[in-house]
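K.L.:
This is the structure I have questions about; it appears just below.
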Amino acid sequence: MEEPTSVAALWGAVIFSGIYHGVNPGMGWPLAVSAALFEQKASALVRALLALAIGHFIAMTAILLPFSMMITLVEYETQIRIAAGVLVIALGIYLLINRRHPRFLARVKPSRLGLWSFLAAIAHGAGLMLVPIYLGICAVAELDAGHTAAYALMSSNVSVAFIVATAHTAAMMLAGGILAWVMYVWLGLKFLSKTWFNLDLVWALSLILVGVIAIWHTLI
């Protein structure tokens, strides 16, 4: 089984990555500020944040659930973890090379914030980043590799996948919600456009770092 400190660190990574996504304007909280300023209602901010949270949560579960239902995860856990790490590194390198925001996101109407949030999370690899962390939390390598244990694992891993997605999304919306409220009440979007720095480079490097750590942790 995983050491308690190691498991705690992995859950910490889930929460921290959620906070990071919340702080990053690319995950949508400025859209919530814009909606509130347009309608001149604080309730519009809350509704927009909820829509963003739903879209982000669906994106997280859409990535994690296939891994949670793989019986072969028991027998080929090492290979799957390495492959997941390589995928995360590859996406990070791609985002370093291609620094432009995905154009298709600009075609989604502002009224469809849930869909926008889902597509943004997929395009930026937010869900993919959680896969190596999720596989570490599951720690299936230490369990019985028989088919009976595999079927039992499937149900428990699905629940873990939902918990990971929920914890990550909650941390994201708490961080993003606080920033959105501050911008709406005191600062405004004009302040954001002049002072906020671009986190795309940091995000790409974060993906590469997570992938490297995942592969290293699997091989040691």
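Residues in the structure tokens are named by chain (A, B, ... in the order shown) and by number from 1 within that chain; ligands are numbered from 1 in the order shown.
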Fewer than 4 positions away in the same chain doesn't count, so skip those; otherwise give me all residues within 8 Å of A:Leu65, counting only C-alpha atoms, as a list of chain:residue names.

P.N.:
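The residues that qualify are A:Thr61, A:Met69, A:Val158, A:Ala161.
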
K.L.:
Those residues you just picked out, can you put them in a file as a PDB file, in the first residue's frame with N, CA and C atoms?

P.N.:
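again.pdb, freshly written:
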ATOM      1  N   THR A  61     -13.948  14.192 -14.835  1.00  0.00           N
ATOM      2  CA  THR A  61     -14.456  12.822 -14.763  1.00  0.00           C
ATOM      3  C   THR A  61     -14.372  12.124 -16.125  1.00  0.00           C
ATOM      4  N   MET A  69     -12.071   2.321 -14.750  1.00  0.00           N
ATOM      5  CA  MET A  69     -12.815   1.119 -15.145  1.00  0.00           C
ATOM      6  C   MET A  69     -11.976   0.116 -15.934  1.00  0.00           C
ATOM      7  N   VAL A 158     -13.900   3.983  -9.286  1.00  0.00           N
ATOM      8  CA  VAL A 158     -14.836   4.959  -9.831  1.00  0.00           C
ATOM      9  C   VAL A 158     -15.175   6.001  -8.774  1.00  0.00           C
ATOM     10  N   ALA A 161     -12.313   8.292  -8.375  1.00  0.00           N
ATOM     11  CA  ALA A 161     -12.237   9.222  -9.505  1.00  0.00           C
ATOM     12  C   ALA A 161     -13.180  10.402  -9.298  1.00  0.00           C
TER      13      ALA A 161
END

K.L.:
I'd like the neighbourhood of A:Gly18 as a PyMOL selection string, where a residue qualifies if any of its atoms comes within 10 Å (using only C-alpha atoms), though same-chain residues fewer than 6 positions away should be ignored.

P.N.:
chain A and resi 12+24+126+130+165-176

K.L.:
Can you list, as a list in words, every protein, DNA or RNA residue that comes within 7 Å of A:Ala35 when you count only C-alpha atoms, leaving out same-chain residues fewer than 3 positions away?

P.N.:
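Non-adjacent residues within range: Leu31, Ala32, Phe38, Glu39, Ala44 and Leu45 of chain A.
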
K.L.:
Residues of the last selection are to be written out with C-alpha atoms, as a short mmCIF file (atom, residue, chain, number, x, y, z; two decimals), in the first residue's frame.

P.N.:
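So selection_25.cif came out as:
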data_model
loop_
_atom_site.label_atom_id
_atom_site.label_comp_id
_atom_site.auth_asym_id
_atom_site.auth_seq_id
_atom_site.Cartn_x
_atom_site.Cartn_y
_atom_site.Cartn_z
CA LEU A 31 -16.01 35.34 -17.67
CA ALA A 32 -17.89 35.20 -14.37
CA PHE A 38 -22.99 43.00 -17.59
CA GLU A 39 -26.05 42.10 -15.52
CA ALA A 44 -24.84 36.41 -12.04
CA LEU A 45 -21.30 35.88 -10.74
#

K.L.:
As an exercise, work out the distance from atom CA of A:Ser206 to atom CA of A:Pro132 in Å and give it to one decimal place.

P.N.:
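Atom-to-atom, atom CA of A:Ser206 to atom CA of A:Pro132, that is 12.9 Å.
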